[in-house]
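Remarks on the structure that follows.
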Number of protein chains: 2
Amino acid sequence: MKFEAITIKDIAKTLGLSTSTVSRALRDSYEISPETKARVIEYAREMNYRPNPIALSLKEKRSSSIGVLVSEIANSFFSQAINGIESVAQQKGYNVVIAQSKEDFNREVSALQYLASRSVDGILLSVSSETSDFSTINGLYSKGMPVVCFDRVVESIDTHKVIVDNFMAAYNATNHLIKNGYKQIACITNAALLSISRERVEGYKKAMTDKKMPFDEKSIGYCPHGGLIYEEVEEVMNQLIKSKNRPDAVIACSDKITTNIMRYCKLKKVPIPDSLAMIGFSNLDLTELLSPSLSVVRQPAYEMGKKAAELLITMIESKRPVLDFETVILPAELIQRASSAKRKMVK
Amino acid sequence: MKFEAITIKDIAKTLGLSTSTVSRALRDSYEISPETKARVIEYAREMNYRPNPIALSLKEKRSSSIGVLVSEIANSFFSQAINGIESVAQQKGYNVVIAQSKEDFNREVSALQYLASRSVDGILLSVSSETSDFSTINGLYSKGMPVVCFDRVVESIDTHKVIVDNFMAAYNATNHLIKNGYKQIACITNAALLSISRERVEGYKKAMTDKKMPFDEKSIGYCPHGGLIYEEVEEVMNQLIKSKNRPDAVIACSDKITTNIMRYCKLKKVPIPDSLAMIGFSNLDLTELLSPSLSVVRQPAYEMGKKAAELLITMIESKRPVLDFETVILPAELIQRASSAKRKMVK
DNA sequence: ATTATTTACGCAAACGATGTCGGGAATTAT
DNA sequence: ATAATTCCCGACATCGTTTGCGTAAATAAT
């Protein structure tokens, strides 16, 4: 089954003209007589002619499309970011090709390879949590593929980056828990080597040391798959709950980790916040409806996507190599709700 | 800034061969001597050569990509469906271009036009709630563009369709409320002309009449934007709550309507289920964590996406026009939780 | 009337890859 | 030794579109 669209050739044939004349008539060239123009335009409209973008791409060496590579679409942060990306792309005449890595390094590499081979003009990238080898993306970038990183950035490549102030976000979230009277605060985050993990852990550590709170490396739990798998969160939580210094509060550093901790507490009947307070990074729009209503760090996902897409399109359309790179740092929003309410003074 | 990939021409030039020879060597043609083959393959590997898919598309008149048009990516049902689509596409060598209508008819038409103009080999469509004029999609389909509808189908085109048994899903959900003792059951759904709305309303009506429950058209509320806008849900709820026959239970027929009713009840302090029980269509994976835990009708979104993509690719790859169409009807799952718990006998 | 200019269009090349055809050289058959 | 066959490879057209260049006819300038 095949869809055959009408081409300039068809128009030329029926109208007894050459393809060049038709092409020029459609582009309203001064070289074409008004009568011919009218004939061509009328017929093209009638037949609902649309230029074949593939032929254009081949000729122009650009596809007017951008690739987006994220770990998972079914994640509120990323789907909101994609919304932002789409809004810009649509407006600037680009279309968006989306690929998912599912936090899997091999899938990431093959997705990049695909996007690369000239089918997209640029790439918006948020690396998978497994990725520690950046040679694929580095290779593409050094060959001239415009790349903008967002959220999870690659330090080793020098390009535009759009991130959230992860340090401050985690610092503020931790501080909020401290202020509300919690003493043993744990931090559960993504894979250790991810930029967002490192920055968030730094923020957490800084808040803890600033306030001279007790903590050690055991207070920090890592989820190599970003919490995508319930069991990895369960394991980390089991460790923490059973440890000598059982935490009375936890800060969850990703969307999936946040919801999986809630699930864990529900299953294990750990009351929040009385037995364990929590605040989590999340972009779900119904965290207020959870039981208990959830304190969250909310990232400006839509704006991040928008900004990243704008930067990418600027790079793509720039005539000369871009050398001056921007790192846009947007603030996250701290929303205080019941899950991190003031600690009840027991004893 | 431009990314210039290596081409067959470049290889031909450096190796002192013709492009045809290089092409044949890479495709392992018997016409090429083993030595030449080895030289070409080795050099291509070294330079990380990849055929330009755009050139291929132009020649083969196919792009190996499929378009997906949904109302909104940031919707758990659709993002899960897209996951299913992607899994099939990836495996069959297609890539996925995603477009959103945002429940806006004009955006839907322009997205279809874009996808159409030969840049995709087929389209997976779930129409927007505003759409009542199907001429664009009908036109494309009649010109030979393979289309598979899923979830929200277009009756007027005869093609493969993948849906949920909306009638039974709504019937069972309503019955569940009846069994749990609720007397005045309202139904809030999407735009009236959407297939899913009609089928779900039919299921609701059947359950009500079967059990001789009182209801009239005023018990049914419609949200033209599919609940995407809080205010439209608010208005419908206000009407219902203030009506003479105030409902004691409600069935919400879409993801967004479900969460917005919960939000409404929280804001207006309507206790669930004591003052208003509810069950809603939802594919969120944390409805159990809501307060109260939410009874839901869960659709097999991933499977639907998978099946729809499989059918579409079959259509695309079929040599002769497909005439025998399948309508796949999958069952939805009813999950009973606190929000629709047995009615407390007041009075 | 001759030349210069404008008008309005067609021809051909290009983008990258593939497939058809054809042909020179080497090998085998007669 | 000549004819037939095989082996390798190159030239060319093609997909749809744009664009530089060429040019016939019409008009304007001399």
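Identifiers for the structure tokens are assigned positionally: chains receive A, B, ... in sequence, residues are indexed from 1 per chain, and ligands are indexed from 1 in the order shown.
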
Original post:
Once the least-squares fit of chain A onto chain B is done over all Cα atoms matched in order, how many Å of RMSD are left?
Top reply: 0.1 Å

Subject >> Secondary structure check, strand (DSSP E or B) residues of range 59-262 of chain B, as a PyMOL selection string >> reply: chain B and resi 65-70+95-100+122-125+147-150+161-164+185-189+220-222+249-252

Give me the chain D side of the contact with chain A, cut-off 10 Å, one line per residue showing its nearest atom pair and distance in Å at one decimal, counting only C-alpha atoms (C1' of nucleotides), sorted by chain and residue number, as a Markdown table.
| residue | atom | partner | partner_atom | distance |
| --- | --- | --- | --- | --- |
| D:DC15 | C1' | A:Ala55 | CA | 8.1 |
| D:DG16 | C1' | A:Ala55 | CA | 5.1 |
| D:DT17 | C1' | A:Ala55 | CA | 6.0 |
| D:DT18 | C1' | A:Ser23 | CA | 7.6 |
| D:DT19 | C1' | A:Ser20 | CA | 8.6 |

Any chance you could export the current selection's N, CA and C atoms (P, O5', C5', C4', C3', O3' and C1' of nucleotides) as a compact mmCIF listing (two decimals), in the first residue's frame?
# COMPACT_ATOMS: atom_id res chain seq x y z
P DC D 15 11.59 9.14 -12.08
O5' DC D 15 11.50 9.42 -10.51
C5' DC D 15 11.31 8.38 -9.57
C4' DC D 15 11.68 8.90 -8.20
C3' DC D 15 11.29 10.35 -7.99
O3' DC D 15 10.01 10.40 -7.37
C1' DC D 15 13.52 9.89 -7.19
P DG D 16 8.94 11.46 -7.93
O5' DG D 16 9.45 12.80 -7.26
C5' DG D 16 9.24 13.01 -5.88
C4' DG D 16 9.72 14.38 -5.49
C3' DG D 16 9.07 15.53 -6.24
O3' DG D 16 8.76 16.54 -5.30
C1' DG D 16 11.42 15.65 -6.50
P DT D 17 8.05 17.87 -5.72
O5' DT D 17 9.27 18.88 -5.70
C5' DT D 17 9.94 19.10 -4.46
C4' DT D 17 11.21 19.89 -4.68
C3' DT D 17 11.02 21.23 -5.38
O3' DT D 17 11.07 22.24 -4.38
C1' DT D 17 12.99 20.06 -6.11
P DT D 18 10.94 23.77 -4.81
O5' DT D 18 12.45 24.15 -5.16
C5' DT D 18 13.44 24.05 -4.15
C4' DT D 18 14.79 24.40 -4.72
C3' DT D 18 14.90 25.82 -5.30
O3' DT D 18 16.08 26.39 -4.76
C1' DT D 18 15.69 24.24 -6.86
P DT D 19 16.29 27.95 -4.89
O5' DT D 19 17.37 28.02 -6.07
C5' DT D 19 18.57 27.25 -5.98
C4' DT D 19 19.37 27.43 -7.26
C3' DT D 19 19.29 28.83 -7.88
O3' DT D 19 20.57 29.16 -8.36
C1' DT D 19 18.66 27.24 -9.46

Could you produce a table of the residues of chain A lying within 8 Å of chain B, with the nearest pair of atoms per residue and their separation in Å rounded to one decimal, using only C-alpha atoms, ordered by chain and increasing residue number, as a tab-separated table?
residue	atom	partner	partner_atom	distance
A:Met1	CA	B:Ile316	CA	5.5
A:Lys2	CA	B:Gly144	CA	5.7
A:Phe3	CA	B:Gly144	CA	4.5
A:Glu4	CA	B:Gly144	CA	7.2
A:Ala5	CA	B:Arg118	CA	6.8
A:Arg50	CA	B:Ser117	CA	6.3
A:Pro51	CA	B:Ser117	CA	7.3
A:Asn52	CA	B:Ser117	CA	6.1
A:Pro53	CA	B:Ser119	CA	6.6
A:Ile54	CA	B:Ile54	CA	6.1
A:Ala55	CA	B:Leu58	CA	6.2
A:Ser57	CA	B:Ile54	CA	7.0
A:Leu58	CA	B:Ile54	CA	6.2
A:Ile73	CA	B:Ser79	CA	6.2
A:Ala74	CA	B:Ser79	CA	5.0
A:Ser76	CA	B:Ala74	CA	6.6
A:Ser79	CA	B:Ala74	CA	5.0
A:Gln80	CA	B:Ala74	CA	6.2
A:Asn83	CA	B:Ile73	CA	7.6
A:Val96	CA	B:Val97	CA	6.7
A:Val97	CA	B:Val97	CA	5.1
A:Ile98	CA	B:Val97	CA	6.7
A:Ala99	CA	B:Val96	CA	8.0
A:Ser117	CA	B:Asn52	CA	6.1
A:Arg118	CA	B:Asn52	CA	6.4
A:Ser119	CA	B:Ile54	CA	6.6
A:Asp121	CA	B:Phe3	CA	7.5
A:Lys143	CA	B:Phe3	CA	6.3
A:Gly144	CA	B:Phe3	CA	4.5
A:Met145	CA	B:Phe3	CA	4.7
A:Pro146	CA	B:Met1	CA	7.1
A:Thr259	CA	B:Leu286	CA	7.3
A:Met262	CA	B:Leu289	CA	7.3
A:Arg263	CA	B:Leu289	CA	6.9
A:Lys266	CA	B:Leu289	CA	7.6
A:Leu286	CA	B:Thr259	CA	7.3
A:Leu289	CA	B:Leu290	CA	5.7
A:Leu290	CA	B:Leu290	CA	4.0
A:Ser291	CA	B:Ser291	CA	4.6
A:Pro292	CA	B:Ser291	CA	7.1
A:Met315	CA	B:Met1	CA	6.4
A:Ile316	CA	B:Met1	CA	5.4
A:Glu317	CA	B:Met1	CA	6.6
A:Ser318	CA	B:Met1	CA	5.7
A:Lys319	CA	B:Met1	CA	5.8
A:Arg320	CA	B:Met1	CA	6.0
A:Pro321	CA	B:Met1	CA	5.4
A:Val322	CA	B:Met1	CA	7.4

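Using only C-alpha atoms (C1' of nucleotides), one finds that the residues of chain C close to chain B, at 10 Å or less, are C:DC15, C:DG16, C:DA17, C:DT18, C:DG19.
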
Could you save the residues just selected, with C-alpha atoms (C1' of nucleotides), as a short mmCIF file (atom, residue, chain, number, x, y, z; two decimals), in the first residue's frame?
data_model
loop_
_atom_site.label_atom_id
_atom_site.label_comp_id
_atom_site.auth_asym_id
_atom_site.auth_seq_id
_atom_site.Cartn_x
_atom_site.Cartn_y
_atom_site.Cartn_z
"C1'" DC C 15 21.60 16.47 -3.56
"C1'" DG C 16 22.82 10.60 -2.20
"C1'" DA C 17 21.85 6.11 -3.27
"C1'" DT C 18 20.46 2.31 -6.31
"C1'" DG C 19 19.65 -0.42 -10.42
#

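Coordinates place CA of Phe105 in chain A at a distance of 27.1 Å from CA of Gly203 in chain A.
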
**OP:** Using only C-alpha atoms (C1' of nucleotides), determine which residues lie at most 12 Å from DC9 in chain C, disregarding the query and same-chain residues fewer than 4 positions distant; provide the list as a PyMOL selection string.
**Re:** (chain A and resi 16-22+24-25+30-33+36) or (chain D and resi 22-25)

Subject >> Distance in Å - CA of Lys212 in chain A versus CA of Lys179 in chain A >> reply: 12.6 Å

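Of the residues listed (A:Gly139, A:Gly84, A:Gly93, A:Gly181), A:Gly181 shows the shortest atom-to-atom separation from Lys344 in chain A; distances use only C-alpha atoms.
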
Subject >> All helix (DSSP H, G or I) residues (DSSP, backbone) inside range 106-289 of chain A, as JSON, numbers by chain >> reply: {"A": [106, 107, 108, 109, 110, 111, 112, 113, 114, 115, 116, 135, 136, 137, 138, 139, 140, 141, 142, 166, 167, 168, 169, 170, 171, 172, 173, 174, 175, 176, 177, 178, 179, 195, 196, 197, 198, 199, 200, 201, 202, 203, 204, 205, 206, 207, 208, 209, 210, 217, 218, 219, 230, 231, 232, 233, 234, 235, 236, 237, 238, 239, 240, 241, 242, 255, 256, 257, 258, 259, 260, 261, 262, 263, 264, 265, 266, 267, 287, 288, 289]}

Kindly save the residues from that selection, with C-alpha atoms included, as a PDB file, in the first residue's frame.
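part.pdb written:
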ATOM      1  CA  ASN A 106      22.936   0.691  24.203  1.00  0.00           C
ATOM      2  CA  ARG A 107      19.550   2.021  23.241  1.00  0.00           C
ATOM      3  CA  GLU A 108      20.911   5.510  23.686  1.00  0.00           C
ATOM      4  CA  VAL A 109      23.806   4.895  21.353  1.00  0.00           C
ATOM      5  CA  SER A 110      21.681   3.355  18.641  1.00  0.00           C
ATOM      6  CA  ALA A 111      19.102   6.111  18.911  1.00  0.00           C
ATOM      7  CA  LEU A 112      21.846   8.683  18.532  1.00  0.00           C
ATOM      8  CA  GLN A 113      23.239   6.868  15.522  1.00  0.00           C
ATOM      9  CA  TYR A 114      19.870   6.870  13.923  1.00  0.00           C
ATOM     10  CA  LEU A 115      19.149  10.509  14.577  1.00  0.00           C
ATOM     11  CA  ALA A 116      22.594  11.366  13.422  1.00  0.00           C
ATOM     12  CA  SER A 135      32.167   8.998  22.748  1.00  0.00           C
ATOM     13  CA  THR A 136      29.139   8.680  20.463  1.00  0.00           C
ATOM     14  CA  ILE A 137      27.725  12.058  21.297  1.00  0.00           C
ATOM     15  CA  ASN A 138      31.172  13.601  21.383  1.00  0.00           C
ATOM     16  CA  GLY A 139      31.908  12.178  17.973  1.00  0.00           C
ATOM     17  CA  LEU A 140      28.721  13.555  16.481  1.00  0.00           C
ATOM     18  CA  TYR A 141      29.215  16.900  18.076  1.00  0.00           C
ATOM     19  CA  SER A 142      32.775  17.243  16.905  1.00  0.00           C
ATOM     20  CA  ASN A 166      19.998  21.433  41.190  1.00  0.00           C
ATOM     21  CA  PHE A 167      22.354  22.436  43.939  1.00  0.00           C
ATOM     22  CA  MET A 168      20.067  25.124  45.289  1.00  0.00           C
ATOM     23  CA  ALA A 169      16.989  23.000  44.784  1.00  0.00           C
ATOM     24  CA  ALA A 170      18.414  20.190  46.894  1.00  0.00           C
ATOM     25  CA  TYR A 171      19.926  22.645  49.356  1.00  0.00           C
ATOM     26  CA  ASN A 172      16.594  24.336  49.890  1.00  0.00           C
ATOM     27  CA  ALA A 173      14.688  21.087  50.113  1.00  0.00           C
ATOM     28  CA  THR A 174      17.108  19.732  52.691  1.00  0.00           C
ATOM     29  CA  ASN A 175      17.044  22.958  54.620  1.00  0.00           C
ATOM     30  CA  HIS A 176      13.288  22.846  54.660  1.00  0.00           C
ATOM     31  CA  LEU A 177      13.396  19.410  56.262  1.00  0.00           C
ATOM     32  CA  ILE A 178      15.964  20.592  58.793  1.00  0.00           C
ATOM     33  CA  LYS A 179      13.892  23.640  59.681  1.00  0.00           C
ATOM     34  CA  SER A 195      25.207  15.468  36.604  1.00  0.00           C
ATOM     35  CA  ILE A 196      21.866  15.967  38.295  1.00  0.00           C
ATOM     36  CA  SER A 197      22.698  13.385  40.956  1.00  0.00           C
ATOM     37  CA  ARG A 198      26.023  14.937  41.773  1.00  0.00           C
ATOM     38  CA  GLU A 199      24.662  18.446  41.975  1.00  0.00           C
ATOM     39  CA  ARG A 200      21.703  17.448  44.081  1.00  0.00           C
ATOM     40  CA  VAL A 201      23.842  15.423  46.439  1.00  0.00           C
ATOM     41  CA  GLU A 202      26.185  18.396  46.772  1.00  0.00           C
ATOM     42  CA  GLY A 203      23.270  20.624  47.701  1.00  0.00           C
ATOM     43  CA  TYR A 204      22.100  18.103  50.244  1.00  0.00           C
ATOM     44  CA  LYS A 205      25.565  17.771  51.743  1.00  0.00           C
ATOM     45  CA  LYS A 206      26.063  21.493  51.935  1.00  0.00           C
ATOM     46  CA  ALA A 207      22.784  22.012  53.751  1.00  0.00           C
ATOM     47  CA  MET A 208      23.616  19.228  56.168  1.00  0.00           C
ATOM     48  CA  THR A 209      27.121  20.479  56.950  1.00  0.00           C
ATOM     49  CA  ASP A 210      25.988  24.103  57.150  1.00  0.00           C
ATOM     50  CA  GLU A 217      27.817   8.339  52.763  1.00  0.00           C
ATOM     51  CA  LYS A 218      25.385   5.721  53.997  1.00  0.00           C
ATOM     52  CA  SER A 219      22.704   8.382  54.187  1.00  0.00           C
ATOM     53  CA  TYR A 230      10.582  -0.467  41.961  1.00  0.00           C
ATOM     54  CA  GLU A 231      12.904  -3.068  43.375  1.00  0.00           C
ATOM     55  CA  GLU A 232      15.966  -0.864  43.313  1.00  0.00           C
ATOM     56  CA  VAL A 233      14.134   1.757  45.336  1.00  0.00           C
ATOM     57  CA  GLU A 234      12.853  -0.912  47.678  1.00  0.00           C
ATOM     58  CA  GLU A 235      16.358  -2.165  48.306  1.00  0.00           C
ATOM     59  CA  VAL A 236      17.732   1.268  49.048  1.00  0.00           C
ATOM     60  CA  MET A 237      14.822   1.995  51.372  1.00  0.00           C
ATOM     61  CA  ASN A 238      15.217  -1.324  53.182  1.00  0.00           C
ATOM     62  CA  GLN A 239      18.845  -0.536  53.806  1.00  0.00           C
ATOM     63  CA  LEU A 240      18.041   2.891  55.181  1.00  0.00           C
ATOM     64  CA  ILE A 241      15.139   1.815  57.332  1.00  0.00           C
ATOM     65  CA  LYS A 242      17.127  -0.999  58.895  1.00  0.00           C
ATOM     66  CA  ASP A 255      10.267  11.738  39.744  1.00  0.00           C
ATOM     67  CA  LYS A 256      10.208   7.967  39.691  1.00  0.00           C
ATOM     68  CA  ILE A 257      12.138   7.617  42.930  1.00  0.00           C
ATOM     69  CA  THR A 258       9.657   9.938  44.594  1.00  0.00           C
ATOM     70  CA  THR A 259       6.605   7.932  43.615  1.00  0.00           C
ATOM     71  CA  ASN A 260       8.283   4.636  44.339  1.00  0.00           C
ATOM     72  CA  ILE A 261       9.196   5.759  47.836  1.00  0.00           C
ATOM     73  CA  MET A 262       5.559   6.685  48.398  1.00  0.00           C
ATOM     74  CA  ARG A 263       4.580   3.287  47.141  1.00  0.00           C
ATOM     75  CA  TYR A 264       7.118   1.663  49.439  1.00  0.00           C
ATOM     76  CA  CYS A 265       5.834   3.536  52.473  1.00  0.00           C
ATOM     77  CA  LYS A 266       2.301   2.592  51.641  1.00  0.00           C
ATOM     78  CA  LEU A 267       3.167  -1.087  51.231  1.00  0.00           C
ATOM     79  CA  THR A 287       1.092  15.558  43.959  1.00  0.00           C
ATOM     80  CA  GLU A 288      -1.243  17.715  46.034  1.00  0.00           C
ATOM     81  CA  LEU A 289      -3.846  14.971  45.759  1.00  0.00           C
TER      82      LEU A 289
END

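For the set A:Val270, A:Leu312, A:Ala186, A:Cys253, the residue with the smallest atom-to-atom gap to Ser282 in chain A is A:Cys253, counting only C-alpha atoms.
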
**OP:** Pick out the residues sitting within 9 Å of DT6 in chain D, and hand them over as a PyMOL selection string; count only C-alpha atoms (C1' of nucleotides), and ignore anything fewer than 2 positions along from it in its own chain.
**Re:** chain C and resi 26-28

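The space between CA of Thr131 in chain A and CA of Ser101 in chain A spans 10.1 Å.
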